[in-house]
$ cat work.pdb   # PDB, C-alpha atoms, pLDDT in the B column
ATOM      1  CA  MET A   9     -37.203   2.205  39.637  1.00 80.00           C
ATOM      2  CA  SER A  10     -37.552   5.900  38.858  1.00 92.00           C
ATOM      3  CA  LEU A  11     -38.094   8.583  41.505  1.00 94.00           C
ATOM      4  CA  ALA A  12     -39.546  12.003  40.767  1.00 97.00           C
ATOM      5  CA  VAL A  13     -40.554  14.757  43.173  1.00 98.00           C
ATOM      6  CA  ARG A  14     -42.861  17.557  42.133  1.00 98.00           C
ATOM      7  CA  LYS A  15     -45.040  20.242  43.686  1.00 97.00           C
ATOM      8  CA  ALA A  16     -48.555  19.080  44.396  1.00 97.00           C
ATOM      9  CA  ILE A  17     -51.650  20.811  43.048  1.00 97.00           C
ATOM     10  CA  GLU A  18     -55.251  20.764  44.274  1.00 96.00           C
ATOM     11  CA  ALA A  19     -56.051  17.844  41.944  1.00 97.00           C
ATOM     12  CA  ASP A  20     -53.569  15.747  43.963  1.00 98.00           C
ATOM     13  CA  ALA A  21     -55.685  15.977  47.127  1.00 98.00           C
ATOM     14  CA  ALA A  22     -57.086  12.434  46.839  1.00 97.00           C
ATOM     15  CA  ALA A  23     -53.586  10.939  46.545  1.00 98.00           C
ATOM     16  CA  ILE A  24     -52.412  12.949  49.563  1.00 98.00           C
ATOM     17  CA  VAL A  25     -55.430  11.753  51.555  1.00 98.00           C
ATOM     18  CA  ARG A  26     -54.655   8.129  50.653  1.00 97.00           C
ATOM     19  CA  VAL A  27     -50.968   8.409  51.593  1.00 98.00           C
ATOM     20  CA  GLY A  28     -51.609  10.497  54.704  1.00 97.00           C
ATOM     21  CA  ARG A  29     -54.240   8.190  56.164  1.00 97.00           C
ATOM     22  CA  ALA A  30     -52.258   5.018  55.497  1.00 97.00           C
ATOM     23  CA  SER A  31     -48.917   6.392  56.687  1.00 96.00           C
ATOM     24  CA  PHE A  32     -50.318   8.004  59.820  1.00 95.00           C
ATOM     25  CA  TYR A  33     -52.220   4.839  60.686  1.00 96.00           C
ATOM     26  CA  ASP A  34     -49.208   2.570  60.136  1.00 95.00           C
ATOM     27  CA  THR A  35     -46.922   4.822  62.170  1.00 92.00           C
ATOM     28  CA  PHE A  36     -49.184   5.693  65.096  1.00 93.00           C
ATOM     29  CA  VAL A  37     -51.874   3.003  65.480  1.00 94.00           C
ATOM     30  CA  ASN A  38     -49.966   1.299  68.288  1.00 93.00           C
ATOM     31  CA  LEU A  39     -49.834   4.540  70.300  1.00 92.00           C
ATOM     32  CA  PHE A  40     -53.605   5.027  70.403  1.00 93.00           C
ATOM     33  CA  THR A  41     -55.648   3.578  73.258  1.00 93.00           C
ATOM     34  CA  SER A  42     -58.863   4.445  71.408  1.00 91.00           C
ATOM     35  CA  HIS A  43     -59.379   3.318  67.822  1.00 92.00           C
ATOM     36  CA  ASP A  44     -62.374   5.718  67.616  1.00 94.00           C
ATOM     37  CA  GLU A  45     -60.134   8.723  68.399  1.00 94.00           C
ATOM     38  CA  LEU A  46     -57.676   7.617  65.721  1.00 94.00           C
ATOM     39  CA  GLU A  47     -60.499   7.287  63.172  1.00 95.00           C
ATOM     40  CA  ARG A  48     -61.943  10.704  64.083  1.00 95.00           C
ATOM     41  CA  TYR A  49     -58.503  12.293  63.684  1.00 95.00           C
ATOM     42  CA  LEU A  50     -57.935  10.617  60.305  1.00 96.00           C
ATOM     43  CA  ASN A  51     -61.402  11.637  59.061  1.00 95.00           C
ATOM     44  CA  LEU A  52     -60.887  15.234  60.179  1.00 94.00           C
ATOM     45  CA  THR A  53     -57.310  15.635  58.967  1.00 94.00           C
ATOM     46  CA  TYR A  54     -57.355  13.589  55.784  1.00 96.00           C
ATOM     47  CA  ASN A  55     -60.345  14.503  53.682  1.00 94.00           C
ATOM     48  CA  ALA A  56     -60.096  15.799  50.133  1.00 96.00           C
ATOM     49  CA  ASP A  57     -61.864  19.142  50.715  1.00 96.00           C
ATOM     50  CA  ARG A  58     -59.617  20.018  53.649  1.00 96.00           C
ATOM     51  CA  ILE A  59     -56.450  19.020  51.764  1.00 97.00           C
ATOM     52  CA  GLN A  60     -57.505  20.958  48.638  1.00 97.00           C
ATOM     53  CA  LYS A  61     -58.009  24.092  50.748  1.00 97.00           C
ATOM     54  CA  SER A  62     -54.658  23.563  52.442  1.00 97.00           C
ATOM     55  CA  ILE A  63     -52.852  23.157  49.101  1.00 97.00           C
ATOM     56  CA  SER A  64     -54.373  26.429  47.882  1.00 97.00           C
ATOM     57  CA  LYS A  65     -53.104  28.440  50.875  1.00 97.00           C
ATOM     58  CA  GLN A  66     -50.217  30.701  49.971  1.00 97.00           C
ATOM     59  CA  ASN A  67     -48.330  29.806  53.172  1.00 97.00           C
ATOM     60  CA  ASN A  68     -48.267  26.081  52.310  1.00 97.00           C
ATOM     61  CA  SER A  69     -46.266  24.029  49.834  1.00 97.00           C
ATOM     62  CA  TYR A  70     -46.927  20.369  49.154  1.00 98.00           C
ATOM     63  CA  PHE A  71     -44.630  17.981  47.320  1.00 98.00           C
ATOM     64  CA  LEU A  72     -45.313  14.504  45.954  1.00 98.00           C
ATOM     65  CA  ALA A  73     -42.790  11.705  45.608  1.00 98.00           C
ATOM     66  CA  LEU A  74     -43.555   9.420  42.692  1.00 98.00           C
ATOM     67  CA  ILE A  75     -41.955   6.022  42.190  1.00 96.00           C
ATOM     68  CA  ASN A  76     -42.521   4.722  38.677  1.00 94.00           C
ATOM     69  CA  GLU A  77     -45.216   7.418  38.394  1.00 93.00           C
ATOM     70  CA  GLU A  78     -47.125   6.092  41.447  1.00 95.00           C
ATOM     71  CA  VAL A  79     -47.570   8.415  44.430  1.00 97.00           C
ATOM     72  CA  ALA A  80     -45.331   7.014  47.169  1.00 97.00           C
ATOM     73  CA  GLY A  81     -45.336   9.910  49.616  1.00 98.00           C
ATOM     74  CA  PHE A  82     -45.858  13.591  50.253  1.00 98.00           C
ATOM     75  CA  ALA A  83     -44.447  16.450  52.254  1.00 98.00           C
ATOM     76  CA  LYS A  84     -46.067  19.648  53.485  1.00 98.00           C
ATOM     77  CA  ILE A  85     -44.195  22.801  54.365  1.00 97.00           C
ATOM     78  CA  LYS A  86     -45.663  25.737  56.199  1.00 97.00           C
ATOM     79  CA  LYS A  87     -43.528  28.530  54.769  1.00 96.00           C
ATOM     80  CA  THR A  88     -43.784  30.818  57.795  1.00 94.00           C
ATOM     81  CA  SER A  89     -44.239  29.016  61.096  1.00 94.00           C
ATOM     82  CA  ARG A  90     -42.519  29.980  64.317  1.00 91.00           C
ATOM     83  CA  HIS A  91     -41.768  27.707  67.259  1.00 92.00           C
ATOM     84  CA  GLU A  92     -40.707  29.320  70.530  1.00 90.00           C
ATOM     85  CA  VAL A  93     -37.791  26.934  71.132  1.00 90.00           C
ATOM     86  CA  ILE A  94     -36.089  27.925  67.881  1.00 90.00           C
ATOM     87  CA  LYS A  95     -33.878  31.000  67.960  1.00 85.00           C
ATOM     88  CA  SER A  96     -34.349  32.316  64.447  1.00 81.00           C
ATOM     89  CA  GLU A  97     -36.467  35.094  63.034  1.00 83.00           C
ATOM     90  CA  ASN A  98     -37.286  33.274  59.798  1.00 91.00           C
ATOM     91  CA  GLN A  99     -38.658  29.791  60.366  1.00 95.00           C
ATOM     92  CA  SER A 100     -40.424  27.266  58.182  1.00 96.00           C
ATOM     93  CA  GLU A 101     -42.034  24.070  59.401  1.00 97.00           C
ATOM     94  CA  LEU A 102     -41.897  20.687  57.744  1.00 98.00           C
ATOM     95  CA  GLN A 103     -45.358  19.703  58.968  1.00 96.00           C
ATOM     96  CA  ARG A 104     -45.673  16.377  57.197  1.00 95.00           C
ATOM     97  CA  ILE A 105     -43.383  13.971  55.456  1.00 97.00           C
ATOM     98  CA  TYR A 106     -45.086  10.636  54.899  1.00 97.00           C
ATOM     99  CA  VAL A 107     -44.082   7.734  52.698  1.00 97.00           C
ATOM    100  CA  LEU A 108     -46.150   4.580  52.234  1.00 97.00           C
ATOM    101  CA  LYS A 109     -44.443   1.673  54.011  1.00 95.00           C
ATOM    102  CA  GLU A 110     -44.031  -0.316  50.800  1.00 95.00           C
ATOM    103  CA  TYR A 111     -41.804   2.496  49.480  1.00 96.00           C
ATOM    104  CA  HIS A 112     -39.574   2.850  52.546  1.00 93.00           C
ATOM    105  CA  GLY A 113     -35.934   2.625  51.476  1.00 91.00           C
ATOM    106  CA  CYS A 114     -36.609   3.684  47.872  1.00 93.00           C
ATOM    107  CA  GLY A 115     -35.371   7.262  48.276  1.00 95.00           C
ATOM    108  CA  ALA A 116     -38.828   8.858  48.367  1.00 97.00           C
ATOM    109  CA  GLY A 117     -38.345  10.294  51.870  1.00 96.00           C
ATOM    110  CA  GLN A 118     -34.940  11.716  50.960  1.00 97.00           C
ATOM    111  CA  GLY A 119     -36.336  13.230  47.769  1.00 97.00           C
ATOM    112  CA  LEU A 120     -39.145  14.892  49.712  1.00 98.00           C
ATOM    113  CA  LEU A 121     -36.765  16.210  52.365  1.00 97.00           C
ATOM    114  CA  ASP A 122     -34.403  17.552  49.685  1.00 97.00           C
ATOM    115  CA  ALA A 123     -37.347  19.372  48.062  1.00 97.00           C
ATOM    116  CA  ALA A 124     -38.348  20.830  51.435  1.00 96.00           C
ATOM    117  CA  ILE A 125     -34.818  22.058  52.134  1.00 96.00           C
ATOM    118  CA  LYS A 126     -34.573  23.600  48.663  1.00 95.00           C
ATOM    119  CA  GLU A 127     -37.908  25.359  49.224  1.00 95.00           C
ATOM    120  CA  ALA A 128     -36.657  26.690  52.582  1.00 95.00           C
ATOM    121  CA  GLN A 129     -33.485  27.979  50.911  1.00 94.00           C
ATOM    122  CA  GLU A 130     -35.508  29.764  48.226  1.00 94.00           C
ATOM    123  CA  LEU A 131     -37.694  31.327  50.938  1.00 93.00           C
ATOM    124  CA  GLY A 132     -34.651  32.601  52.831  1.00 91.00           C
ATOM    125  CA  THR A 133     -35.598  30.541  55.880  1.00 93.00           C
ATOM    126  CA  GLY A 134     -33.129  30.601  58.764  1.00 92.00           C
ATOM    127  CA  GLN A 135     -34.332  27.339  60.343  1.00 95.00           C
ATOM    128  CA  LEU A 136     -36.442  24.496  59.045  1.00 97.00           C
ATOM    129  CA  TRP A 137     -38.083  22.686  61.946  1.00 97.00           C
ATOM    130  CA  LEU A 138     -40.294  19.673  62.476  1.00 97.00           C
ATOM    131  CA  ASP A 139     -41.593  17.532  65.270  1.00 96.00           C
ATOM    132  CA  VAL A 140     -41.066  13.796  65.527  1.00 96.00           C
ATOM    133  CA  HIS A 141     -42.619  11.389  68.016  1.00 95.00           C
ATOM    134  CA  THR A 142     -40.135  10.541  70.753  1.00 95.00           C
ATOM    135  CA  SER A 143     -40.483   6.799  70.049  1.00 94.00           C
ATOM    136  CA  ASN A 144     -39.960   7.055  66.271  1.00 94.00           C
ATOM    137  CA  GLU A 145     -36.309   5.993  66.185  1.00 94.00           C
ATOM    138  CA  LYS A 146     -36.203   5.444  62.425  1.00 93.00           C
ATOM    139  CA  ALA A 147     -37.430   8.986  61.704  1.00 95.00           C
ATOM    140  CA  LYS A 148     -35.119  10.541  64.297  1.00 96.00           C
ATOM    141  CA  ARG A 149     -32.097   8.806  62.707  1.00 96.00           C
ATOM    142  CA  PHE A 150     -33.198   9.953  59.248  1.00 96.00           C
ATOM    143  CA  TYR A 151     -33.467  13.583  60.335  1.00 97.00           C
ATOM    144  CA  GLU A 152     -30.197  13.492  62.290  1.00 97.00           C
ATOM    145  CA  LYS A 153     -28.423  11.990  59.248  1.00 97.00           C
ATOM    146  CA  ASN A 154     -29.683  15.003  57.308  1.00 96.00           C
ATOM    147  CA  GLY A 155     -28.362  17.574  59.793  1.00 96.00           C
ATOM    148  CA  PHE A 156     -31.370  18.141  62.061  1.00 97.00           C
ATOM    149  CA  SER A 157     -30.751  18.327  65.795  1.00 96.00           C
ATOM    150  CA  LYS A 158     -33.040  18.325  68.796  1.00 96.00           C
ATOM    151  CA  ALA A 159     -34.103  21.837  69.764  1.00 95.00           C
ATOM    152  CA  GLY A 160     -36.775  21.110  72.369  1.00 94.00           C
ATOM    153  CA  ASN A 161     -39.931  19.221  73.248  1.00 94.00           C
ATOM    154  CA  HIS A 162     -43.540  19.526  72.141  1.00 91.00           C
ATOM    155  CA  THR A 163     -46.827  17.791  72.966  1.00 93.00           C
ATOM    156  CA  PHE A 164     -49.801  17.187  70.713  1.00 91.00           C
ATOM    157  CA  THR A 165     -53.254  16.153  71.903  1.00 92.00           C
ATOM    158  CA  ILE A 166     -55.694  14.037  69.925  1.00 91.00           C
ATOM    159  CA  GLY A 167     -58.931  13.387  71.769  1.00 88.00           C
ATOM    160  CA  ALA A 168     -58.047  12.376  75.318  1.00 90.00           C
ATOM    161  CA  GLN A 169     -54.457  11.403  74.484  1.00 91.00           C
ATOM    162  CA  THR A 170     -51.354  13.542  74.625  1.00 93.00           C
ATOM    163  CA  PHE A 171     -48.315  12.552  72.572  1.00 94.00           C
ATOM    164  CA  ASP A 172     -44.718  13.600  73.232  1.00 95.00           C
ATOM    165  CA  TYR A 173     -42.582  14.919  70.399  1.00 96.00           C
ATOM    166  CA  TYR A 174     -39.097  16.263  69.913  1.00 97.00           C
ATOM    167  CA  VAL A 175     -38.723  19.513  68.006  1.00 97.00           C
ATOM    168  CA  MET A 176     -35.816  19.166  65.584  1.00 97.00           C
ATOM    169  CA  ALA A 177     -34.290  21.988  63.579  1.00 96.00           C
ATOM    170  CA  LEU A 178     -31.957  22.421  60.638  1.00 97.00           C
ATOM    171  CA  PRO A 179     -30.099  25.687  59.975  1.00 95.00           C
ATOM    172  CA  ILE A 180     -30.660  26.624  56.348  1.00 93.00           C
ATOM    173  CA  LYS A 181     -27.761  27.941  54.331  1.00 83.00           C
ATOM    174  CA  VAL A 182     -29.029  30.360  51.732  1.00 66.00           C
ATOM    175  CA  SER A 183     -26.942  30.467  48.599  1.00 58.00           C
ATOM    176  CA  THR A 184     -25.662  33.908  47.688  1.00 50.00           C
ATOM    177  CA  TYR A 185     -24.552  32.763  44.244  1.00 46.00           C
ATOM    178  CA  LYS A 186     -26.479  34.544  41.503  1.00 49.00           C
ATOM    179  CA  ILE A 187     -26.566  33.656  37.819  1.00 45.00           C
TER     180      ILE A 187
END
$ encode --input "work.pdb" --output "structure tokens"
Amino acid sequence: MSLAVRKAIEADAAAIVRVGRASFYDTFVNLFTSHDELERYLNLTYNADRIQKSISKQNNSYFLALINEEVAGFAKIKKTSRHEVIKSENQSELQRIYVLKEYHGCGAGQGLLDAAIKEAQELGTGQLWLDVHTSNEKAKRFYEKNGFSKAGNHTFTIGAQTFDYYVMALPIKVSTYKI
């Protein structure tokens, strides 16, 4: 099994839509009381035109994880994104990191997180932050294993439902070594 991580381009939008819809659905379907609200959110958030525009924005970076050349997951970083609970001037947000369930445990998530951290280092980010649903124990353990710690709480509303999240942050060490 070979793993590769690369930056995504606009032509990758369809693959990101496929992974995003499936991963979000698998992770959050049990939290929704209304299947219609979930479908509306997926249709709004994961459509090729919207993703293509997002990829083209200068403040965003997308990465793809490929296992045996098949897209297994993606990550999205908002290069400059401040959260009030984080005490750092320079902040970047890891807005999405999704891996298809059939690729869990293959290293795709770690590869995407490593790419995100490297990007944050290159940007001179002081803190890389993300939010994770309070009930997502597997994700919380993954982030904690990689040095993230809880920095606060956050809520997100979809339709009539409000979801509780933890804000987690990772101090970024910027290398001063120059070649």
$ closest_residue --input "work.pdb" --among "A:Gly113, A:Gly167, A:Val175, A:Leu102" --to "A:Glu47" --atoms "only C-alpha atoms"
A:Gly167
$ closest_residue --input "work.pdb" --among "A:Glu110, A:Glu152, A:Asp34, A:Asp139" --to "A:Ile75" --atoms "only C-alpha atoms"
A:Glu110
$ atom_distance --input "work.pdb" --atom1 "atom CA of A:Leu108" --atom2 "atom CA of A:Pro179"
27.6 Å
$ closest_residue --input "work.pdb" --among "A:Asp172, A:Glu92, A:Glu78, A:Glu101" --to "A:Leu121" --atoms "all atoms listed in the file"
A:Glu101
$ atom_distance --input "work.pdb" --atom1 "atom CA of A:Leu50" --atom2 "atom CA of A:Phe71"
20.0 Å
$ resolve_selection --input "work.pdb" --expression "the PyMOL selection byres ((chain A and resi 131) around 12)" --output "list in words"
Asn67, Asn68, Ser69, Ile85, Lys86, Lys87, Thr88, Asn98, Gln99, Ser100, Glu101, Ala124, Ile125, Lys126, Glu127, Ala128, Gln129, Glu130, Gly132, Thr133, Gly134, Gln135, Leu136, Ile180, Lys181, Val182 and Ser183 of chain A
$ residues_around --input "work.pdb" --residues "A:Leu52" --least-positions-apart "3" --cutoff "12 Å" --atoms "all atoms listed in the file" --output "list in words"
Val25, Gly28, Arg29, Glu45, Leu46, Glu47, Arg48, Tyr49, Asn55, Ala56, Asp57, Arg58, Ile59, Ile166 and Gly167 of chain A
$ resolve_selection --input "work.pdb" --expression "the PyMOL selection byres ((chain A and resi 14) around 6)" --output "list in words"
Val13, Lys15, Phe71 and Leu72 of chain A
$ atom_distance --input "work.pdb" --atom1 "atom CA of A:Val27" --atom2 "atom CA of A:Lys84"
12.4 Å
$ closest_residue --input "work.pdb" --among "A:Cys114, A:Ser10, A:Val93, A:Ala19" --to "A:Glu77" --atoms "only C-alpha atoms"
A:Ser10
$ resolve_selection --input "work.pdb" --expression "the PyMOL selection byres ((chain A and resi 112) around 12)" --output "JSON, numbers by chain"
{"A": [31, 73, 75, 80, 81, 106, 107, 108, 109, 110, 111, 113, 114, 115, 116, 117, 118, 119, 146, 147, 150]}
$ closest_residue --input "work.pdb" --among "A:Arg104, A:Phe164, A:Ser62, A:Ser96" --to "A:Ala177" --atoms "all atoms listed in the file"
A:Ser96
$ axis_aligned_box --input "work.pdb" --around "stretch 35-45 of chain A" --padding-each-side "6 Å" --output "lines of an AutoDock Vina configuration file"
center_x = -54.6
center_y = 5.0
center_z = 67.7
size_x = 27.5
size_y = 19.4
size_z = 23.1
$ decode --input "work.pdb" --residues "stretch 76-103 of chain A" --atoms "N, CA and C atoms" --output "CSV table (one decimal), in the first residue's frame"
chain,number,residue,atom,x,y,z
A,76,ASN,N,-2.5,4.1,-3.0
A,76,ASN,CA,-2.5,3.4,-4.2
A,76,ASN,C,-3.1,4.2,-5.4
A,77,GLU,N,-2.9,5.5,-5.3
A,77,GLU,CA,-3.3,6.5,-6.3
A,77,GLU,C,-4.8,6.8,-6.3
A,78,GLU,N,-5.5,6.2,-5.3
A,78,GLU,CA,-7.0,6.5,-5.1
A,78,GLU,C,-7.1,7.5,-4.0
A,79,VAL,N,-8.0,8.5,-4.2
A,79,VAL,CA,-8.2,9.6,-3.2
A,79,VAL,C,-8.9,8.9,-2.0
A,80,ALA,N,-8.2,9.0,-0.9
A,80,ALA,CA,-8.6,8.4,0.4
A,80,ALA,C,-9.1,9.5,1.4
A,81,GLY,N,-8.7,10.7,1.2
A,81,GLY,CA,-9.1,11.8,2.1
A,81,GLY,C,-8.6,13.1,1.7
A,82,PHE,N,-9.0,14.2,2.4
A,82,PHE,CA,-8.5,15.5,2.1
A,82,PHE,C,-8.5,16.3,3.4
A,83,ALA,N,-7.7,17.4,3.3
A,83,ALA,CA,-7.6,18.4,4.4
A,83,ALA,C,-7.7,19.7,3.8
A,84,LYS,N,-8.3,20.7,4.6
A,84,LYS,CA,-8.4,22.1,4.2
A,84,LYS,C,-7.9,22.9,5.3
A,85,ILE,N,-7.0,23.8,4.9
A,85,ILE,CA,-6.4,24.8,5.9
A,85,ILE,C,-6.8,26.2,5.5
A,86,LYS,N,-7.3,26.9,6.4
A,86,LYS,CA,-7.6,28.4,6.2
A,86,LYS,C,-6.3,29.0,6.8
A,87,LYS,N,-5.5,29.6,5.9
A,87,LYS,CA,-4.2,30.1,6.3
A,87,LYS,C,-4.2,31.1,7.4
A,88,THR,N,-5.1,32.1,7.3
A,88,THR,CA,-5.3,33.1,8.4
A,88,THR,C,-6.7,33.0,8.9
A,89,SER,N,-6.9,32.5,10.1
A,89,SER,CA,-8.2,32.4,10.7
A,89,SER,C,-8.1,32.4,12.2
A,90,ARG,N,-8.6,33.5,12.8
A,90,ARG,CA,-8.5,33.7,14.2
A,90,ARG,C,-9.7,33.1,15.0
A,91,HIS,N,-9.4,32.5,16.2
A,91,HIS,CA,-10.4,32.1,17.1
A,91,HIS,C,-10.1,32.8,18.4
A,92,GLU,N,-11.2,33.4,19.0
A,92,GLU,CA,-11.0,34.2,20.2
A,92,GLU,C,-10.5,33.5,21.4
A,93,VAL,N,-10.6,32.2,21.5
A,93,VAL,CA,-10.1,31.5,22.6
A,93,VAL,C,-8.6,31.2,22.5
A,94,ILE,N,-8.0,31.4,21.4
A,94,ILE,CA,-6.6,31.1,21.2
A,94,ILE,C,-5.8,32.4,21.4
A,95,LYS,N,-4.7,32.3,22.2
A,95,LYS,CA,-3.9,33.5,22.5
A,95,LYS,C,-2.7,33.5,21.6
A,96,SER,N,-2.8,33.8,20.4
A,96,SER,CA,-1.7,33.9,19.4
A,96,SER,C,-2.1,34.9,18.3
A,97,GLU,N,-1.2,35.7,17.9
A,97,GLU,CA,-1.5,36.7,16.8
A,97,GLU,C,-1.7,35.9,15.5
A,98,ASN,N,-0.8,35.0,15.2
A,98,ASN,CA,-0.9,34.3,13.9
A,98,ASN,C,-1.5,32.9,14.1
A,99,GLN,N,-2.7,32.8,13.5
A,99,GLN,CA,-3.4,31.5,13.7
A,99,GLN,C,-3.8,31.0,12.3
A,100,SER,N,-3.8,29.7,12.2
A,100,SER,CA,-4.3,29.0,11.0
A,100,SER,C,-5.3,28.0,11.5
A,101,GLU,N,-6.3,27.7,10.7
A,101,GLU,CA,-7.3,26.8,11.1
A,101,GLU,C,-7.3,25.5,10.2
A,102,LEU,N,-7.3,24.4,10.8
A,102,LEU,CA,-7.5,23.1,10.0
A,102,LEU,C,-9.0,22.9,10.0
A,103,GLN,N,-9.6,23.4,8.9
A,103,GLN,CA,-11.1,23.4,8.8
A,103,GLN,C,-11.6,22.0,8.5
